[in-house]
Amino acid sequence: MHNPAQAYGKTAKVVANPREHEANLLTKAAQQLMAVKDPFEPRSDAFRNALIYNRKLWSIFAGSVTGDDNPLPDPIKQNIANLGIFILKHTVSVQANPSPEKLDVLININREIAAGLYQRPA
């Protein structure tokens, strides 16, 4: 499995549209989580790796959005940071008490944010 920080750095240099790049990474994370939902084997390497990839990806998002050089408006930066904190806490909950239903929250958030990023801003 690839490290999301490396994937982000490599592809960001190639992709002209950073929104599309971030959407692709979120879609990849959602696909990995879906793949370990059925069959559900919480002790498998694939399960752990999918959670780690998603957690690292959201850590990168939350960290990069809070930087002073980020041009997003403060309320949006705060919302993304809060969502990142929620993702990290929910991931700990999934690890502590694994169930396939808990993965749905992570999958749906990733899909919804990716869908929004794929849309072109007005």
# chains A, B, ... in the order shown; residues from 1 in each chain; ligands from 1
call {"tool": "residues_around", "arguments": {"residues": "region 58-75 of chain A", "least_positions_apart": "3", "cutoff": "9 Å", "atoms": "only C-alpha atoms", "output": "MDAnalysis selection string"}}
result
chainID A and resid 4:5 22 26 53:55 78:85 87:88
call {"tool": "write_last_selection", "arguments": {"atoms": "C-alpha atoms", "output": "compact mmCIF listing (two decimals), in the first residue's frame"}}
result
# COMPACT_ATOMS: atom_id res chain seq x y z
CA PRO A 4 -0.83 8.97 1.18
CA ALA A 5 1.74 11.71 1.76
CA GLU A 22 -7.78 15.51 -3.64
CA LEU A 26 -10.56 10.49 -1.19
CA TYR A 53 -4.33 5.30 4.70
CA ASN A 54 -7.57 7.16 5.40
CA ARG A 55 -6.27 8.52 8.71
CA GLN A 78 -12.32 25.47 10.35
CA ASN A 79 -14.97 23.08 8.96
CA ILE A 80 -12.37 20.94 7.20
CA ALA A 81 -10.17 20.87 10.31
CA ASN A 82 -13.18 19.86 12.44
CA LEU A 83 -14.10 17.16 9.94
CA GLY A 84 -10.52 15.88 10.08
CA ILE A 85 -10.69 15.69 13.88
CA ILE A 87 -12.47 11.36 11.12
CA LEU A 88 -9.50 10.71 13.40
call {"tool": "residues_around", "arguments": {"residues": "Val94 (chain A)", "least_positions_apart": "5", "cutoff": "12 Å", "atoms": "only C-alpha atoms", "output": "number ranges by chain"}}
result
A: 33, 37, 42-43, 47-48, 50-52, 55, 87-89, 99-106
call {"tool": "write_last_selection", "arguments": {"atoms": "N, CA and C atoms", "output": "short mmCIF file (atom, residue, chain, number, x, y, z; two decimals), in the first residue's frame"}}
result
data_model
loop_
_atom_site.label_atom_id
_atom_site.label_comp_id
_atom_site.auth_asym_id
_atom_site.auth_seq_id
_atom_site.Cartn_x
_atom_site.Cartn_y
_atom_site.Cartn_z
N LEU A 33 -11.66 1.28 1.92
CA LEU A 33 -12.54 0.99 3.05
C LEU A 33 -13.69 0.08 2.63
N LYS A 37 -14.84 -3.91 3.97
CA LYS A 37 -16.13 -4.00 4.66
C LYS A 37 -16.78 -5.37 4.45
N PRO A 42 -11.51 -7.62 10.66
CA PRO A 42 -10.82 -6.51 11.31
C PRO A 42 -9.40 -6.82 11.78
N ARG A 43 -9.00 -8.06 11.76
CA ARG A 43 -7.63 -8.39 12.15
C ARG A 43 -6.70 -8.49 10.94
N PHE A 47 -7.45 -4.43 6.38
CA PHE A 47 -8.30 -3.59 7.22
C PHE A 47 -7.48 -2.49 7.90
N ARG A 48 -6.41 -2.89 8.53
CA ARG A 48 -5.54 -1.92 9.21
C ARG A 48 -4.97 -0.91 8.22
N ALA A 50 -6.16 0.06 5.31
CA ALA A 50 -7.19 0.97 4.80
C ALA A 50 -7.47 2.08 5.81
N LEU A 51 -7.54 1.71 7.09
CA LEU A 51 -7.77 2.73 8.12
C LEU A 51 -6.57 3.67 8.25
N ILE A 52 -5.38 3.13 8.17
CA ILE A 52 -4.18 3.96 8.26
C ILE A 52 -4.10 4.93 7.09
N ARG A 55 -6.67 7.64 7.60
CA ARG A 55 -6.27 8.52 8.71
C ARG A 55 -5.15 9.46 8.29
N ILE A 87 -12.94 12.56 11.81
CA ILE A 87 -12.47 11.36 11.12
C ILE A 87 -11.45 10.61 11.99
N LEU A 88 -10.53 11.35 12.57
CA LEU A 88 -9.50 10.71 13.40
C LEU A 88 -10.12 10.05 14.62
N LYS A 89 -11.06 10.72 15.27
CA LYS A 89 -11.73 10.13 16.45
C LYS A 89 -12.56 8.92 16.06
N SER A 99 -16.65 -2.74 13.51
CA SER A 99 -17.87 -3.25 12.91
C SER A 99 -17.97 -2.69 11.50
N PRO A 100 -18.52 -3.46 10.57
CA PRO A 100 -18.59 -2.97 9.19
C PRO A 100 -19.44 -1.70 9.05
N GLU A 101 -20.45 -1.57 9.90
CA GLU A 101 -21.32 -0.39 9.82
C GLU A 101 -20.56 0.90 10.13
N LYS A 102 -19.58 0.83 11.01
CA LYS A 102 -18.80 2.02 11.35
C LYS A 102 -17.97 2.51 10.17
N LEU A 103 -17.65 1.62 9.25
CA LEU A 103 -16.89 2.03 8.06
C LEU A 103 -17.74 2.91 7.15
N ASP A 104 -19.06 2.72 7.20
CA ASP A 104 -19.96 3.50 6.34
C ASP A 104 -19.78 5.00 6.54
N VAL A 105 -19.57 5.43 7.77
CA VAL A 105 -19.39 6.85 8.05
C VAL A 105 -18.18 7.38 7.30
N LEU A 106 -17.07 6.68 7.39
CA LEU A 106 -15.84 7.11 6.72
C LEU A 106 -16.00 7.07 5.20
#
call {"tool": "residues_around", "arguments": {"residues": "Thr27 (chain A)", "least_positions_apart": "3", "cutoff": "8 Å", "atoms": "only C-alpha atoms", "output": "list in words"}}
result
Ala23, Asn24, Ala30, Gln31, Asn110, Arg111 and Ala114 of chain A
call {"tool": "atom_distance", "arguments": {"atom1": "CA of Tyr118 (chain A)", "atom2": "CA of Glu20 (chain A)"}}
result
5.7 Å
call {"tool": "closest_residue", "arguments": {"among": "A:Ile76, A:Asn97, A:Lys56, A:Phe86", "to": "Ala29 (chain A)", "atoms": "only C-alpha atoms"}}
result
A:Lys56
call {"tool": "atom_distance", "arguments": {"atom1": "CA of Pro39 (chain A)", "atom2": "CA of Leu117 (chain A)"}}
result
29.6 Å
call {"tool": "atom_distance", "arguments": {"atom1": "CA of Thr91 (chain A)", "atom2": "CA of Asn17 (chain A)"}}
result
28.6 Å
